[in-house]
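S.K.: Here you go, entry_13.cif (mmCIF, C-alpha atoms):
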```cif
data_data
loop_
_atom_site.label_atom_id
_atom_site.label_comp_id
_atom_site.auth_asym_id
_atom_site.auth_seq_id
_atom_site.Cartn_x
_atom_site.Cartn_y
_atom_site.Cartn_z
CA MET A 1 32.09 -9.11 -14.02
CA THR A 2 30.59 -12.36 -12.78
CA SER A 3 31.26 -11.46 -9.14
CA HIS A 4 28.19 -11.23 -6.91
CA VAL A 5 28.39 -7.44 -6.73
CA GLY A 6 29.03 -7.10 -10.46
CA LEU A 7 25.98 -9.19 -11.33
CA MET A 8 23.84 -7.35 -8.79
CA VAL A 9 24.88 -4.03 -10.35
CA LEU A 10 24.13 -5.36 -13.86
CA PHE A 11 20.71 -6.62 -12.73
CA ALA A 12 19.96 -3.29 -11.04
CA LEU A 13 20.97 -1.47 -14.22
CA PHE A 14 18.57 -3.45 -16.42
CA VAL A 15 15.64 -3.18 -14.02
CA SER A 16 16.23 0.56 -13.46
CA ILE A 17 16.31 1.27 -17.20
CA VAL A 18 13.05 -0.60 -17.84
CA PHE A 19 11.18 0.86 -14.83
CA ALA A 20 12.32 4.42 -15.57
CA THR A 21 11.34 4.08 -19.24
CA LEU A 22 7.94 2.68 -18.27
CA MET A 23 7.14 5.25 -15.61
CA ARG A 24 8.32 8.51 -17.21
CA ASP A 25 7.75 9.96 -20.68
CA GLU A 26 10.47 12.59 -20.96
CA PRO A 27 14.06 11.35 -21.44
CA ARG A 28 15.34 13.80 -18.81
CA ASP A 29 12.83 12.49 -16.25
CA GLN A 30 13.64 8.92 -17.24
CA LEU A 31 17.32 9.54 -16.64
CA ARG A 32 16.67 11.11 -13.24
CA LEU A 33 14.32 8.35 -12.07
CA GLY A 34 16.59 5.65 -13.51
CA ALA A 35 19.57 7.02 -11.61
CA ARG A 36 17.58 7.15 -8.36
CA LEU A 37 16.26 3.62 -8.84
CA PHE A 38 19.71 2.32 -9.68
CA ALA A 39 21.26 3.96 -6.63
CA GLY A 40 18.43 2.62 -4.46
CA PHE A 41 18.76 -0.93 -5.79
CA VAL A 42 22.54 -1.04 -5.43
CA GLY A 43 22.57 0.74 -2.05
CA GLY A 44 19.71 -1.43 -0.78
CA GLY A 45 21.46 -4.58 -1.99
CA ILE A 46 24.70 -3.69 -0.22
CA LEU A 47 22.80 -2.70 2.95
CA ALA A 48 20.81 -5.95 2.91
CA GLY A 49 24.07 -7.84 2.42
CA TRP A 50 25.56 -6.22 5.51
CA LEU A 51 22.42 -6.82 7.58
CA LEU A 52 22.37 -10.49 6.57
CA TYR A 53 26.09 -10.93 7.26
CA PRO A 54 25.63 -12.40 10.80
CA LEU A 55 23.17 -15.04 9.50
CA PRO A 56 22.92 -17.92 10.07
CA LEU A 57 23.35 -17.13 13.75
CA MET B 1 -19.43 11.79 -33.18
CA ARG B 2 -20.10 8.79 -30.96
CA ALA B 3 -18.11 5.64 -31.45
CA THR B 4 -20.32 2.84 -32.58
CA ALA B 5 -20.23 -0.63 -31.05
CA ALA B 6 -18.40 -1.84 -34.16
CA ASP B 7 -15.74 0.89 -33.74
CA ARG B 8 -15.25 -0.05 -30.11
CA ALA B 9 -14.96 -3.73 -31.00
CA ALA B 10 -12.39 -2.94 -33.71
CA SER B 11 -10.43 -0.75 -31.30
CA SER B 12 -10.48 -3.49 -28.69
CA ALA B 13 -9.34 -6.10 -31.21
CA ASN B 14 -6.53 -3.76 -32.24
CA ALA B 15 -5.47 -3.35 -28.61
CA TYR B 16 -5.24 -7.13 -28.19
CA LEU B 17 -3.25 -7.40 -31.42
CA ILE B 18 -0.86 -4.74 -30.10
CA CYS B 19 -0.51 -6.79 -26.89
CA ALA B 20 0.34 -9.89 -28.90
CA VAL B 21 3.01 -8.01 -30.85
CA ALA B 22 4.34 -6.39 -27.65
CA TRP B 23 4.67 -9.83 -26.07
CA ALA B 24 6.30 -11.44 -29.12
CA VAL B 25 8.79 -8.63 -29.76
CA PRO B 26 9.84 -6.68 -26.64
CA GLY B 27 9.05 -3.02 -27.35
CA GLY B 28 7.12 -3.91 -30.52
CA GLY B 29 3.84 -2.59 -29.12
CA HIS B 30 5.39 0.77 -28.30
CA LEU B 31 7.11 1.02 -31.68
CA TRP B 32 3.80 0.25 -33.41
CA GLN B 33 2.09 3.06 -31.52
CA GLY B 34 4.78 5.61 -32.32
CA ARG B 35 6.54 5.54 -28.94
CA ILE B 36 9.86 5.06 -30.70
CA GLN B 37 12.20 5.99 -27.84
CA LYS B 38 10.50 3.70 -25.34
CA GLY B 39 10.17 0.91 -27.88
CA LEU B 40 13.86 1.01 -28.77
CA VAL B 41 14.88 0.99 -25.10
CA PHE B 42 12.76 -2.11 -24.47
CA LEU B 43 13.88 -3.72 -27.72
CA VAL B 44 17.52 -3.46 -26.65
CA THR B 45 17.33 -3.85 -22.86
CA LEU B 46 15.00 -6.82 -22.42
CA PRO B 47 16.59 -9.20 -24.96
CA LEU B 48 20.02 -8.17 -23.61
CA MET B 49 18.92 -9.08 -20.09
CA PHE B 50 17.55 -12.38 -21.40
CA VAL B 51 20.82 -13.15 -23.20
CA CYS B 52 22.75 -12.32 -20.01
CA GLY B 53 20.59 -14.90 -18.21
CA LEU B 54 21.53 -17.51 -20.81
CA TRP B 55 25.19 -16.48 -20.64
CA LEU B 56 25.07 -16.97 -16.85
CA GLU B 57 23.91 -20.56 -17.48
CA GLY B 58 20.38 -20.05 -16.22
CA ARG B 59 17.63 -22.47 -17.09
CA LEU B 60 14.52 -22.00 -19.21
CA PHE B 61 12.16 -23.96 -17.00
CA PRO B 62 9.71 -26.50 -18.42
CA PHE B 63 5.99 -26.42 -17.65
CA GLU B 64 5.73 -29.01 -14.90
CA LEU B 65 2.43 -28.62 -13.14
CA THR B 66 3.47 -31.18 -10.52
CA GLN B 67 6.04 -28.60 -9.37
CA PRO B 68 4.15 -25.30 -9.02
CA LEU B 69 7.24 -23.12 -8.54
CA VAL B 70 8.86 -24.56 -11.67
CA ALA B 71 5.64 -23.94 -13.60
CA LEU B 72 5.54 -20.33 -12.37
CA ALA B 73 9.17 -19.83 -13.44
CA ALA B 74 8.31 -21.30 -16.85
CA PHE B 75 5.36 -18.89 -17.12
CA ALA B 76 7.69 -15.97 -16.33
CA ASP B 77 10.30 -17.21 -18.84
CA ILE B 78 7.77 -17.43 -21.65
CA GLY B 79 6.83 -13.79 -21.02
CA MET B 80 9.88 -12.93 -23.10
CA GLY B 81 8.13 -13.88 -26.34
CA VAL B 82 10.04 -14.75 -29.52
CA PRO B 83 13.54 -14.66 -27.94
CA TYR B 84 12.38 -17.45 -25.61
CA PHE B 85 11.42 -19.67 -28.55
CA ILE B 86 14.63 -18.84 -30.44
CA ALA B 87 16.68 -19.80 -27.37
CA LYS B 88 14.71 -23.03 -26.99
CA ALA B 89 15.14 -23.86 -30.68
CA MET B 90 18.89 -23.28 -30.37
CA GLY B 91 19.10 -25.59 -27.38
CA ALA B 92 20.10 -22.77 -25.05
CA GLY B 93 18.85 -22.38 -21.50
CA THR B 94 19.43 -25.95 -20.37
CA GLY B 95 20.93 -24.58 -17.16
CA ARG B 96 23.99 -25.91 -15.38
CA VAL B 97 23.06 -26.34 -11.74
CA ILE B 98 26.66 -26.54 -10.53
CA ALA B 99 27.60 -23.23 -12.16
CA ALA B 100 28.24 -20.48 -9.62
CA THR B 101 26.07 -18.14 -11.68
CA TYR B 102 23.14 -20.56 -12.16
CA GLU B 103 20.74 -18.79 -9.77
CA TYR B 104 21.76 -15.39 -11.12
CA GLY B 105 21.02 -16.63 -14.62
CA ASN B 106 17.59 -17.82 -13.53
CA SER B 107 16.89 -14.44 -11.94
CA PHE B 108 17.87 -12.60 -15.13
CA LEU B 109 15.72 -14.90 -17.30
CA ILE B 110 12.67 -14.80 -15.05
CA VAL B 111 12.78 -11.05 -14.42
CA ALA B 112 13.32 -10.29 -18.13
CA GLY B 113 10.10 -12.20 -18.88
CA LEU B 114 8.18 -10.49 -16.08
CA LEU B 115 9.39 -7.04 -17.14
CA ASN B 116 8.23 -7.76 -20.68
CA MET B 117 4.79 -8.57 -19.27
CA LEU B 118 4.76 -5.13 -17.63
CA VAL B 119 5.74 -3.61 -20.98
CA VAL B 120 2.82 -5.46 -22.61
CA LEU B 121 0.42 -3.98 -20.03
CA ASP B 122 1.84 -0.51 -20.70
CA ALA B 123 1.33 -0.98 -24.45
CA PHE B 124 -2.26 -2.05 -23.74
CA ASP B 125 -2.87 1.08 -21.65
CA ILE B 126 -1.52 3.25 -24.47
CA ALA B 127 -3.74 1.45 -26.98
CA GLN B 128 -6.76 2.10 -24.74
CA GLY B 129 -5.90 5.80 -24.55
CA ARG B 130 -5.15 5.75 -20.84
CA LYS B 131 -1.59 7.08 -21.25
#
```
Spit out the file's structure as structure tokens when you get a sec.

M.R.:
Amino acid sequence: MTSHVGLMVLFALFVSIVFATLMRDEPRDQLRLGARLFAGFVGGGILAGWLLYPLPL
Amino acid sequence: MRATAADRAASSANAYLICAVAWAVPGGGHLWQGRIQKGLVFLVTLPLMFVCGLWLEGRLFPFELTQPLVALAAFADIGMGVPYFIAKAMGAGTGRVIAATYEYGNSFLIVAGLLNMLVVLDAFDIAQGRK
């Protein structure tokens, strides 16, 4: 659980829940936006990790 | 019927009181205004995120104006409200710099405080009738 990826996923989960709850009023919309945000955060984090892999050059 | 200046002043004072409650108790402002579902989500999620930050051995930063970044982190931490003061009173949040999860803990603590500030602004907007 305390691996880098595990903590990144946990962080993304918390932030997605709060943003989705803030930005949408209906539970169904909140769930949809939360899922999209979560996927974006996790996918973006993994992508950024791969892009940064060669650094420092 | 037009709202009088006294009504507007009372409404404004109430909005600031709601903000104070929303800051002190995450989700408290929403619960007060009848947004039960949102309030409960914030009431559970934000303190849980804060506790995770403490569990990951993050630090509750002190206000040191000589170090602006530390002062900004302290400002973000205190955005959490009452849980921040409970943690301080319990001696939690001293931070262990050599822990592998130290920076993660800091991120959790700081972002939990900042998210609660956003929640306070949302509660203020609701109190002003904008949402």

S.K.: Please identify every residue of chain A that has at least one atom no more than 7 Å from any atom of chain B, counting all atoms listed in the file, and report them as a list in words.

M.R.: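 Close enough to count are Phe14, Val18 and Thr21 of chain A.
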
S.K.: Keeping only C-alpha atoms, write the selected residues to a file as a short mmCIF file (atom, residue, chain, number, x, y, z; two decimals), in the frame of the given file.

M.R.:
```
data_model
loop_
_atom_site.label_atom_id
_atom_site.label_comp_id
_atom_site.auth_asym_id
_atom_site.auth_seq_id
_atom_site.Cartn_x
_atom_site.Cartn_y
_atom_site.Cartn_z
CA PHE A 14 18.57 -3.45 -16.42
CA VAL A 18 13.05 -0.60 -17.84
CA THR A 21 11.34 4.08 -19.24
#
```

S.K.: Near stretch 40-53 of chain A, within 7 Å and counting all atoms listed in the file, which residues show up once chain neighbours fewer than 3 positions away are dropped, as a list in words?

M.R.: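 The residues that qualify are Val9, Ala12, Arg36 and Leu37 of chain A.
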
S.K.: Looking at all atoms listed in the file, which of B:Ala20, B:Leu65, B:Ile36, B:Pro26 is the one that sits closest to A:Pro27?

M.R.: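 Closest to A:Pro27, using all atoms listed in the file: B:Ile36.
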
S.K.: Starting from the displayed file, determine the output of the PyMOL selection byres ((chain B and resi 94) around 10) and express the residue list as a list of chain:residue names.

M.R.: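 Answer for the PyMOL selection byres ((chain B and resi 94) around 10): B:Leu54, B:Glu57, B:Gly58, B:Arg59, B:Leu60, B:Phe61, B:Pro62, B:Ala87, B:Lys88, B:Gly91, B:Ala92, B:Gly93, B:Gly95, B:Arg96, B:Val97.
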
S.K.: I'd like to see the residues matched by the PyMOL selection byres ((chain B and resi 72) around 12) on this file, and ideally I'd get them as a VMD selection string.

M.R.: chain B and resid 60 to 71 73 to 79 110 to 111 113 to 114

S.K.: Rounded to one decimal in Å, what is the spacing between atom CA of B:Trp23 and atom CA of A:Gly6?

M.R.: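 So the two atoms, atom CA of B:Trp23 and atom CA of A:Gly6, lie 29.1 Å apart.
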
S.K.: Mind giving me the straight-line distance from atom CA of B:Trp32 to atom CA of B:Ile18 in Å, one decimal?

M.R.: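 Taking atom CA of B:Trp32 and atom CA of B:Ile18, their separation equals 7.6 Å.
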
S.K.: If I take atom CA of B:Gly28 and atom CA of B:Leu40, how far is one from the other in Å, to one decimal?

M.R.: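 It comes out at 8.5 Å.
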
S.K.: Select, from B:Val44, B:Asp125, B:Gly81, B:Ile98, the residue with the minimum atom-to-atom distance to B:Val21, counting only C-alpha atoms.

M.R.: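 Nearest candidate to B:Val21 out of B:Val44, B:Asp125, B:Gly81, B:Ile98: B:Gly81.
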
S.K.: Between B:Phe50, B:Ser11, B:Val25, B:Tyr102, which residue has the minimum interatomic distance to A:His4, considering all atoms listed in the file?

M.R.: B:Tyr102

S.K.: Identify all residues satisfying the PyMOL selection byres ((chain A and resi 34) around 10) in the given file; provide them as a list in words.

M.R.: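 When the PyMOL selection byres ((chain A and resi 34) around 10) is applied, the selected residues are Ala12, Leu13, Phe14, Val15, Ser16, Ile17, Val18, Phe19, Ala20, Thr21, Met23, Arg24, Arg28, Asp29, Gln30, Leu31, Arg32, Leu33, Ala35, Arg36, Leu37, Phe38, Ala39 and Gly40 of chain A.
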
S.K.: For A:Leu7, which residue out of B:Trp55, B:Tyr84, B:Asn14, B:Leu121 is the nearest one, using all atoms listed in the file?

M.R.: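 So, comparing all the options, the nearest one is B:Trp55.
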